[in-house]
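Undergrad: Would you mind keeping the following structure in view while I ask a few things?
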Amino acid sequence: MKKLLLALVYTALVSGANVSGALAADLDKTTLEALREGDMKKLVFHSDPKPVSANAFQLADGAGTGTLADYQGQYVLLNFWATWCAPCRKEMPQLSELQAELGSDQFQVVTLATGRNSPSGIKKFFAENGIDNLPRHQDPKQAVAREMAVLGLPITVLLNPEGQEIARLRGDAEWNSDSAKAIIQELLK
């Protein structure tokens with residue numbers, strides 16, 4: 001498939017034609033999929049971007065509410081998790097490492113504790129694991145999670161700068177792996 005797309009792009013460029021947006025998107029998706037190794041093979045890129053929830057969630061420490069629209073303009077790795085979920089707890093330090101290395105005005109890791117999670121329990125877990133660079137947002141009534149078909153935890157979705165879901169990974173993953181970092185770096189090019 002990748003060779004076919006490259007041949008089509010080459011043919012279009014040699015003939016002086018413009019590469020269509022759809023073809024460029026397919027090429028980008030193929031490039032991103034080729035970077036998936038290990039746990040990242042579970043990351044499924046959608047053929048078309050999907051809308052996300054417009055429901056509000058609670059910001060950490062009673063700072064009010066926010067929505068996913070607040071993050072438009074940058075790529076977002078949105079992680080749905082819970083304090084009682086062992087795989088979620090395992091991957092949180094890895095998400096923190098990804099944010100520390102690649103977080104910028106173009107990319108953010110956003111964590112959203114869904115369901116019953118006490119703010120003090122979240123704060124304690126973050127402190128015990130030295131996590132101080134990720135948000136402690138909460139979705140206590142699972143409004144965002146439900147609307148985005150989060151049917152188990154952890155679920156991590158990748159949002160484009162337009163605020164649409166472009167990929168999803170079910171279950172935990174090594175978010176500090178070379179493969180995960182390569183995928184994010186490719187998006188940011």
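Labels used: A, B, ... for chains in the order of the structure tokens, numbers from 1 for residues in each chain, and numbers from 1 for ligands as shown.
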For range 152-168 of chain A, find every residue with an atom within 7 Å (counting only C-alpha atoms), except residues of its own chain fewer than 2 positions away, and show them as a ChimeraX atom specification.

TA: /A:43-46,49-52,69,72-81,87-88,150,170-172

Undergrad: List as a ChimeraX atom specification the protein and nucleic acid residues near Ser120 in chain A, meaning an atom at most 12 Å away when only C-alpha atoms are counted, but skip any in the same chain fewer than 5 places from it.

TA: /A:60-62,83,125-127,136,138

Undergrad: Write the selection just made, keeping all heavy atoms, as a PDB file, in the first residue's frame?

TA:
```pdb
ATOM      1  N   ALA A  60      -8.808  20.316  37.769  1.00  0.00           N
ATOM      2  CA  ALA A  60      -8.214  19.939  39.054  1.00  0.00           C
ATOM      3  C   ALA A  60      -8.401  21.027  40.100  1.00  0.00           C
ATOM      4  O   ALA A  60      -8.453  22.222  39.784  1.00  0.00           O
ATOM      5  CB  ALA A  60      -6.733  19.650  38.861  1.00  0.00           C
ATOM      6  N   ASP A  61      -8.466  20.602  41.358  1.00  0.00           N
ATOM      7  CA  ASP A  61      -8.497  21.490  42.519  1.00  0.00           C
ATOM      8  C   ASP A  61      -9.648  22.484  42.489  1.00  0.00           C
ATOM      9  O   ASP A  61      -9.515  23.617  42.966  1.00  0.00           O
ATOM     10  CB  ASP A  61      -7.150  22.226  42.670  1.00  0.00           C
ATOM     11  CG  ASP A  61      -5.981  21.253  42.809  1.00  0.00           C
ATOM     12  OD1 ASP A  61      -6.163  20.211  43.466  1.00  0.00           O
ATOM     13  OD2 ASP A  61      -4.909  21.532  42.246  1.00  0.00           O
ATOM     14  N   GLY A  62     -10.793  22.084  41.916  1.00  0.00           N
ATOM     15  CA  GLY A  62     -11.979  22.930  41.924  1.00  0.00           C
ATOM     16  C   GLY A  62     -11.830  24.205  41.112  1.00  0.00           C
ATOM     17  O   GLY A  62     -12.499  25.206  41.384  1.00  0.00           O
ATOM     18  N   THR A  83      -8.190   5.778  39.227  1.00  0.00           N
ATOM     19  CA  THR A  83      -7.223   5.429  40.266  1.00  0.00           C
ATOM     20  C   THR A  83      -7.261   3.950  40.615  1.00  0.00           C
ATOM     21  O   THR A  83      -6.249   3.395  41.033  1.00  0.00           O
ATOM     22  CB  THR A  83      -7.464   6.260  41.544  1.00  0.00           C
ATOM     23  OG1 THR A  83      -8.820   6.071  41.961  1.00  0.00           O
ATOM     24  CG2 THR A  83      -7.187   7.733  41.306  1.00  0.00           C
ATOM     25  N   PHE A 125      -1.859   9.883  44.337  1.00  0.00           N
ATOM     26  CA  PHE A 125      -1.225   9.007  43.345  1.00  0.00           C
ATOM     27  C   PHE A 125      -0.194   9.778  42.517  1.00  0.00           C
ATOM     28  O   PHE A 125       0.922   9.307  42.302  1.00  0.00           O
ATOM     29  CB  PHE A 125      -2.280   8.372  42.425  1.00  0.00           C
ATOM     30  CG  PHE A 125      -1.687   7.653  41.251  1.00  0.00           C
ATOM     31  CD1 PHE A 125      -1.025   6.448  41.418  1.00  0.00           C
ATOM     32  CD2 PHE A 125      -1.756   8.191  39.978  1.00  0.00           C
ATOM     33  CE1 PHE A 125      -0.458   5.788  40.342  1.00  0.00           C
ATOM     34  CE2 PHE A 125      -1.199   7.544  38.891  1.00  0.00           C
ATOM     35  CZ  PHE A 125      -0.539   6.331  39.083  1.00  0.00           C
ATOM     36  N   PHE A 126      -0.548  10.968  42.058  1.00  0.00           N
ATOM     37  CA  PHE A 126       0.385  11.780  41.274  1.00  0.00           C
ATOM     38  C   PHE A 126       1.622  12.121  42.112  1.00  0.00           C
ATOM     39  O   PHE A 126       2.748  12.037  41.624  1.00  0.00           O
ATOM     40  CB  PHE A 126      -0.294  13.048  40.768  1.00  0.00           C
ATOM     41  CG  PHE A 126      -1.028  12.887  39.458  1.00  0.00           C
ATOM     42  CD1 PHE A 126      -1.834  11.785  39.204  1.00  0.00           C
ATOM     43  CD2 PHE A 126      -0.923  13.844  38.475  1.00  0.00           C
ATOM     44  CE1 PHE A 126      -2.510  11.643  38.001  1.00  0.00           C
ATOM     45  CE2 PHE A 126      -1.589  13.711  37.263  1.00  0.00           C
ATOM     46  CZ  PHE A 126      -2.385  12.605  37.028  1.00  0.00           C
ATOM     47  N   ALA A 127       1.425  12.501  43.372  1.00  0.00           N
ATOM     48  CA  ALA A 127       2.543  12.862  44.245  1.00  0.00           C
ATOM     49  C   ALA A 127       3.459  11.658  44.488  1.00  0.00           C
ATOM     50  O   ALA A 127       4.687  11.789  44.419  1.00  0.00           O
ATOM     51  CB  ALA A 127       2.026  13.415  45.567  1.00  0.00           C
ATOM     52  N   ARG A 136      -4.972  16.950  36.335  1.00  0.00           N
ATOM     53  CA  ARG A 136      -5.758  15.994  37.128  1.00  0.00           C
ATOM     54  C   ARG A 136      -7.253  16.243  36.908  1.00  0.00           C
ATOM     55  O   ARG A 136      -8.023  16.328  37.838  1.00  0.00           O
ATOM     56  CB  ARG A 136      -5.382  16.115  38.607  1.00  0.00           C
ATOM     57  CG  ARG A 136      -3.973  15.654  38.896  1.00  0.00           C
ATOM     58  CD  ARG A 136      -3.581  15.818  40.368  1.00  0.00           C
ATOM     59  NE  ARG A 136      -3.231  17.212  40.645  1.00  0.00           N
ATOM     60  CZ  ARG A 136      -3.940  18.031  41.426  1.00  0.00           C
ATOM     61  NH1 ARG A 136      -5.030  17.617  42.032  1.00  0.00           N
ATOM     62  NH2 ARG A 136      -3.555  19.287  41.618  1.00  0.00           N
ATOM     63  N   GLN A 138     -11.185  15.601  35.919  1.00  0.00           N
ATOM     64  CA  GLN A 138     -12.100  14.520  36.278  1.00  0.00           C
ATOM     65  C   GLN A 138     -13.395  14.591  35.473  1.00  0.00           C
ATOM     66  O   GLN A 138     -13.880  15.671  35.155  1.00  0.00           O
ATOM     67  CB  GLN A 138     -12.456  14.593  37.766  1.00  0.00           C
ATOM     68  CG  GLN A 138     -11.298  14.261  38.664  1.00  0.00           C
ATOM     69  CD  GLN A 138     -11.740  14.275  40.103  1.00  0.00           C
ATOM     70  OE1 GLN A 138     -11.476  15.224  40.830  1.00  0.00           O
ATOM     71  NE2 GLN A 138     -12.441  13.223  40.502  1.00  0.00           N
TER      72      GLN A 138
END
```

Undergrad: Could you give me the residues within range 5-174 of chain A that DSSP places in strand (DSSP E), as a ChimeraX atom specification?

TA: /A:44-50,57-58,65-66,75-81,107-114,137-139,155-159,165-170

Undergrad: As a ChimeraX atom specification, which residues of range 79-164 of chain A does DSSP assign to helix (DSSP H, G or I)?

TA: /A:86-102,119-128,143-147

Undergrad: Write out, as a compact mmCIF listing (two decimals), in the first residue's frame, the residues just selected, with N, CA, C and O atoms.

TA:
```
# COMPACT_ATOMS: atom_id res chain seq x y z
N ALA A 86 -5.42 -0.77 37.59
CA ALA A 86 -3.98 -1.09 37.66
C ALA A 86 -3.24 -0.76 36.36
O ALA A 86 -2.17 -0.14 36.41
N PRO A 87 -3.76 -1.13 35.17
CA PRO A 87 -3.04 -0.77 33.94
C PRO A 87 -2.94 0.75 33.75
O PRO A 87 -1.94 1.25 33.23
N CYS A 88 -3.97 1.47 34.20
CA CYS A 88 -3.95 2.94 34.11
C CYS A 88 -2.82 3.50 34.97
O CYS A 88 -2.08 4.39 34.54
N ARG A 89 -2.70 2.98 36.17
CA ARG A 89 -1.68 3.44 37.11
C ARG A 89 -0.28 3.13 36.57
O ARG A 89 0.65 3.92 36.74
N LYS A 90 -0.15 1.98 35.91
CA LYS A 90 1.14 1.57 35.37
C LYS A 90 1.61 2.53 34.27
O LYS A 90 2.79 2.87 34.20
N GLU A 91 0.69 2.97 33.40
CA GLU A 91 1.11 3.78 32.26
C GLU A 91 1.19 5.28 32.57
O GLU A 91 1.77 6.04 31.79
N MET A 92 0.65 5.72 33.69
CA MET A 92 0.64 7.17 33.99
C MET A 92 2.06 7.77 34.05
O MET A 92 2.28 8.84 33.46
N PRO A 93 3.04 7.13 34.69
CA PRO A 93 4.40 7.70 34.65
C PRO A 93 4.97 7.77 33.23
O PRO A 93 5.74 8.68 32.91
N GLN A 94 4.58 6.84 32.38
CA GLN A 94 5.04 6.85 30.99
C GLN A 94 4.41 8.01 30.23
O GLN A 94 5.07 8.66 29.40
N LEU A 95 3.14 8.29 30.50
CA LEU A 95 2.48 9.45 29.89
C LEU A 95 3.15 10.74 30.36
O LEU A 95 3.34 11.67 29.57
N SER A 96 3.54 10.77 31.63
CA SER A 96 4.24 11.93 32.18
C SER A 96 5.58 12.12 31.47
O SER A 96 5.96 13.26 31.14
N GLU A 97 6.28 11.03 31.21
CA GLU A 97 7.56 11.12 30.50
C GLU A 97 7.36 11.63 29.08
O GLU A 97 8.15 12.46 28.59
N LEU A 98 6.30 11.16 28.41
CA LEU A 98 6.01 11.63 27.05
C LEU A 98 5.73 13.13 27.06
O LEU A 98 6.23 13.88 26.21
N GLN A 99 4.96 13.59 28.04
CA GLN A 99 4.67 15.02 28.16
C GLN A 99 5.94 15.81 28.44
O GLN A 99 6.16 16.87 27.85
N ALA A 100 6.80 15.29 29.30
CA ALA A 100 8.04 15.99 29.65
C ALA A 100 8.94 16.15 28.42
O ALA A 100 9.56 17.20 28.24
N GLU A 101 8.97 15.12 27.59
CA GLU A 101 9.85 15.16 26.42
C GLU A 101 9.26 15.92 25.24
O GLU A 101 9.96 16.67 24.56
N LEU A 102 7.96 15.74 24.97
CA LEU A 102 7.38 16.31 23.75
C LEU A 102 6.30 17.37 23.97
O LEU A 102 5.84 17.98 23.00
N PRO A 119 -10.67 13.35 44.36
CA PRO A 119 -9.61 14.31 44.03
C PRO A 119 -8.36 14.09 44.90
O PRO A 119 -7.24 14.18 44.41
N SER A 120 -8.57 13.78 46.19
CA SER A 120 -7.42 13.55 47.07
C SER A 120 -6.67 12.28 46.69
O SER A 120 -5.44 12.22 46.77
N GLY A 121 -7.39 11.25 46.23
CA GLY A 121 -6.75 10.02 45.78
C GLY A 121 -5.91 10.24 44.52
O GLY A 121 -4.81 9.69 44.39
N ILE A 122 -6.42 11.05 43.61
CA ILE A 122 -5.69 11.37 42.39
C ILE A 122 -4.43 12.16 42.74
O ILE A 122 -3.33 11.86 42.26
N LYS A 123 -4.61 13.16 43.59
CA LYS A 123 -3.49 14.01 44.00
C LYS A 123 -2.40 13.17 44.68
O LYS A 123 -1.21 13.32 44.40
N LYS A 124 -2.82 12.25 45.56
CA LYS A 124 -1.88 11.38 46.27
C LYS A 124 -1.13 10.48 45.28
O LYS A 124 0.09 10.33 45.36
N PHE A 125 -1.86 9.88 44.34
CA PHE A 125 -1.23 9.01 43.35
C PHE A 125 -0.19 9.78 42.52
O PHE A 125 0.92 9.31 42.30
N PHE A 126 -0.55 10.97 42.06
CA PHE A 126 0.39 11.78 41.27
C PHE A 126 1.62 12.12 42.11
O PHE A 126 2.75 12.04 41.62
N ALA A 127 1.43 12.50 43.37
CA ALA A 127 2.54 12.86 44.25
C ALA A 127 3.46 11.66 44.49
O ALA A 127 4.69 11.79 44.42
N GLU A 128 2.89 10.50 44.76
CA GLU A 128 3.68 9.29 45.03
C GLU A 128 4.52 8.88 43.82
O GLU A 128 5.55 8.25 43.97
N ALA A 143 -19.66 11.66 31.62
CA ALA A 143 -20.37 12.28 30.49
C ALA A 143 -19.49 12.31 29.25
O ALA A 143 -19.95 11.97 28.15
N VAL A 144 -18.23 12.70 29.40
CA VAL A 144 -17.32 12.75 28.26
C VAL A 144 -17.01 11.33 27.80
O VAL A 144 -17.08 11.01 26.61
N ALA A 145 -16.70 10.47 28.74
CA ALA A 145 -16.36 9.07 28.42
C ALA A 145 -17.50 8.36 27.71
O ALA A 145 -17.29 7.67 26.71
N ARG A 146 -18.71 8.53 28.21
CA ARG A 146 -19.87 7.88 27.59
C ARG A 146 -20.08 8.34 26.15
O ARG A 146 -20.27 7.54 25.24
N GLU A 147 -20.01 9.65 25.95
CA GLU A 147 -20.25 10.20 24.61
C GLU A 147 -19.16 9.77 23.63
O GLU A 147 -19.40 9.69 22.44
```

Undergrad: Let me make sure I understand: among A:Leu188, A:Leu169, A:Asp28, A:Asp70, which one has the smallest atom-to-atom distance to Met40 in chain A if we use only C-alpha atoms?

TA: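 For Met40 in chain A, the nearest of the candidates is A:Leu169.
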
Undergrad: Measure the distance from CA of Thr30 in chain A to CA of Ser47 in chain A in Å and round it to one decimal.

TA: 10.6 Å

Undergrad: Which residue out of A:Ala180, A:Gly130, A:Lys141, A:Leu59 has the minimum interatomic distance to Thr111 in chain A when only C-alpha atoms are used?

TA: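 Selected residue with least distance to Thr111 in chain A: A:Leu59.
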
Undergrad: Record the distance separating CA of Gln142 in chain A and CA of Gln58 in chain A, expressed in Å with one decimal.

TA: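 For CA of Gln142 in chain A relative to CA of Gln58 in chain A, the distance reads 11.0 Å.
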
Undergrad: Find the residues near Gly38 in chain A: any atom within 12 Å, counting only C-alpha atoms, skip ones fewer than 3 places away on the same chain, and give them as a PyMOL selection string.

TA: chain A and resi 34-35+41-43+172-180

Undergrad: Can those selected residues be exported to a file as a JSON list (two decimals), in the first residue's frame so that it contains all heavy atoms?

TA:
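File written: result29.json
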```json
[["chain", "number", "residue", "atom", "x", "y", "z"],
["A", 34, "ALA", "N", 3.14, 2.89, 9.86],
["A", 34, "ALA", "CA", 4.42, 2.20, 9.71],
["A", 34, "ALA", "C", 5.32, 2.41, 10.92],
["A", 34, "ALA", "O", 6.23, 1.61, 11.16],
["A", 34, "ALA", "CB", 5.12, 2.69, 8.44],
["A", 35, "LEU", "N", 5.06, 3.44, 11.72],
["A", 35, "LEU", "CA", 5.87, 3.72, 12.90],
["A", 35, "LEU", "C", 5.43, 2.92, 14.13],
["A", 35, "LEU", "O", 6.11, 2.93, 15.14],
["A", 35, "LEU", "CB", 5.82, 5.23, 13.23],
["A", 35, "LEU", "CG", 6.43, 6.16, 12.19],
["A", 35, "LEU", "CD1", 6.11, 7.61, 12.52],
["A", 35, "LEU", "CD2", 7.93, 5.94, 12.09],
["A", 41, "LYS", "N", 1.13, -0.96, 18.19],
["A", 41, "LYS", "CA", 0.36, -1.64, 17.13],
["A", 41, "LYS", "C", -1.13, -1.62, 17.46],
["A", 41, "LYS", "O", -1.97, -1.78, 16.58],
["A", 41, "LYS", "CB", 0.86, -3.06, 16.92],
["A", 41, "LYS", "CG", 2.22, -3.09, 16.24],
["A", 41, "LYS", "CD", 2.47, -4.41, 15.56],
["A", 41, "LYS", "CE", 3.80, -4.44, 14.89],
["A", 41, "LYS", "NZ", 3.82, -3.86, 13.58],
["A", 42, "LYS", "N", -1.47, -1.41, 18.75],
["A", 42, "LYS", "CA", -2.87, -1.32, 19.16],
["A", 42, "LYS", "C", -3.48, 0.05, 18.82],
["A", 42, "LYS", "O", -4.69, 0.22, 18.93],
["A", 42, "LYS", "CB", -3.01, -1.58, 20.66],
["A", 42, "LYS", "CG", -2.59, -2.96, 21.10],
["A", 42, "LYS", "CD", -2.88, -3.22, 22.57],
["A", 42, "LYS", "CE", -2.02, -2.41, 23.49],
["A", 42, "LYS", "NZ", -2.22, -2.73, 24.93],
["A", 43, "LEU", "N", -2.64, 1.01, 18.44],
["A", 43, "LEU", "CA", -3.13, 2.35, 18.09],
["A", 43, "LEU", "C", -3.75, 2.29, 16.70],
["A", 43, "LEU", "O", -3.06, 2.03, 15.72],
["A", 43, "LEU", "CB", -1.98, 3.36, 18.13],
["A", 43, "LEU", "CG", -2.35, 4.82, 17.85],
["A", 43, "LEU", "CD1", -3.29, 5.37, 18.92],
["A", 43, "LEU", "CD2", -1.09, 5.67, 17.78],
["A", 172, "ASP", "N", -3.64, -0.54, 28.02],
["A", 172, "ASP", "CA", -2.44, 0.22, 28.35],
["A", 172, "ASP", "C", -1.38, 0.06, 27.28],
["A", 172, "ASP", "O", -1.45, -0.84, 26.44],
["A", 172, "ASP", "CB", -1.90, -0.19, 29.72],
["A", 172, "ASP", "CG", -1.47, -1.64, 29.77],
["A", 172, "ASP", "OD1", -2.17, -2.50, 29.21],
["A", 172, "ASP", "OD2", -0.42, -1.93, 30.39],
["A", 173, "ALA", "N", -0.42, 0.96, 27.31],
["A", 173, "ALA", "CA", 0.67, 0.93, 26.32],
["A", 173, "ALA", "C", 1.88, 1.62, 26.92],
["A", 173, "ALA", "O", 1.78, 2.36, 27.90],
["A", 173, "ALA", "CB", 0.24, 1.63, 25.04],
["A", 174, "GLU", "N", 3.01, 1.38, 26.31],
["A", 174, "GLU", "CA", 4.25, 2.04, 26.72],
["A", 174, "GLU", "C", 4.35, 3.37, 25.99],
["A", 174, "GLU", "O", 4.93, 3.47, 24.90],
["A", 174, "GLU", "CB", 5.45, 1.14, 26.41],
["A", 174, "GLU", "CG", 5.50, -0.08, 27.30],
["A", 174, "GLU", "CD", 6.76, -0.90, 27.10],
["A", 174, "GLU", "OE1", 7.80, -0.34, 26.70],
["A", 174, "GLU", "OE2", 6.68, -2.11, 27.35],
["A", 175, "TRP", "N", 3.77, 4.40, 26.60],
["A", 175, "TRP", "CA", 3.71, 5.72, 25.97],
["A", 175, "TRP", "C", 5.05, 6.44, 25.96],
["A", 175, "TRP", "O", 5.18, 7.48, 25.32],
["A", 175, "TRP", "CB", 2.63, 6.57, 26.64],
["A", 175, "TRP", "CG", 1.27, 6.06, 26.29],
["A", 175, "TRP", "CD1", 0.41, 5.36, 27.08],
["A", 175, "TRP", "CD2", 0.63, 6.17, 25.01],
["A", 175, "TRP", "NE1", -0.73, 5.04, 26.38],
["A", 175, "TRP", "CE2", -0.62, 5.52, 25.10],
["A", 175, "TRP", "CE3", 1.00, 6.74, 23.79],
["A", 175, "TRP", "CZ2", -1.50, 5.44, 24.03],
["A", 175, "TRP", "CZ3", 0.11, 6.67, 22.73],
["A", 175, "TRP", "CH2", -1.13, 6.02, 22.86],
["A", 176, "ASN", "N", 6.04, 5.89, 26.65],
["A", 176, "ASN", "CA", 7.38, 6.48, 26.60],
["A", 176, "ASN", "C", 8.30, 5.71, 25.65],
["A", 176, "ASN", "O", 9.50, 5.95, 25.61],
["A", 176, "ASN", "CB", 7.99, 6.53, 28.00],
["A", 176, "ASN", "CG", 8.12, 5.16, 28.64],
["A", 176, "ASN", "OD1", 7.55, 4.17, 28.16],
["A", 176, "ASN", "ND2", 8.86, 5.08, 29.74],
["A", 177, "SER", "N", 7.73, 4.82, 24.85],
["A", 177, "SER", "CA", 8.52, 4.02, 23.91],
["A", 177, "SER", "C", 8.99, 4.87, 22.73],
["A", 177, "SER", "O", 8.42, 5.92, 22.43],
["A", 177, "SER", "CB", 7.70, 2.84, 23.38],
["A", 177, "SER", "OG", 6.66, 3.30, 22.54],
["A", 178, "ASP", "N", 10.03, 4.38, 22.06],
["A", 178, "ASP", "CA", 10.52, 5.06, 20.86],
["A", 178, "ASP", "C", 9.43, 5.15, 19.80],
["A", 178, "ASP", "O", 9.32, 6.15, 19.09],
["A", 178, "ASP", "CB", 11.74, 4.33, 20.29],
["A", 178, "ASP", "CG", 12.97, 4.47, 21.18],
["A", 178, "ASP", "OD1", 13.00, 5.39, 22.04],
["A", 178, "ASP", "OD2", 13.90, 3.66, 21.02],
["A", 179, "SER", "N", 8.61, 4.11, 19.70],
["A", 179, "SER", "CA", 7.54, 4.09, 18.70],
["A", 179, "SER", "C", 6.50, 5.18, 18.99],
["A", 179, "SER", "O", 6.10, 5.92, 18.08],
["A", 179, "SER", "CB", 6.87, 2.71, 18.67],
["A", 179, "SER", "OG", 5.82, 2.69, 17.74],
["A", 180, "ALA", "N", 6.08, 5.31, 20.25],
["A", 180, "ALA", "CA", 5.09, 6.33, 20.61],
["A", 180, "ALA", "C", 5.65, 7.73, 20.31],
["A", 180, "ALA", "O", 4.97, 8.58, 19.74],
["A", 180, "ALA", "CB", 4.72, 6.21, 22.08]]
```
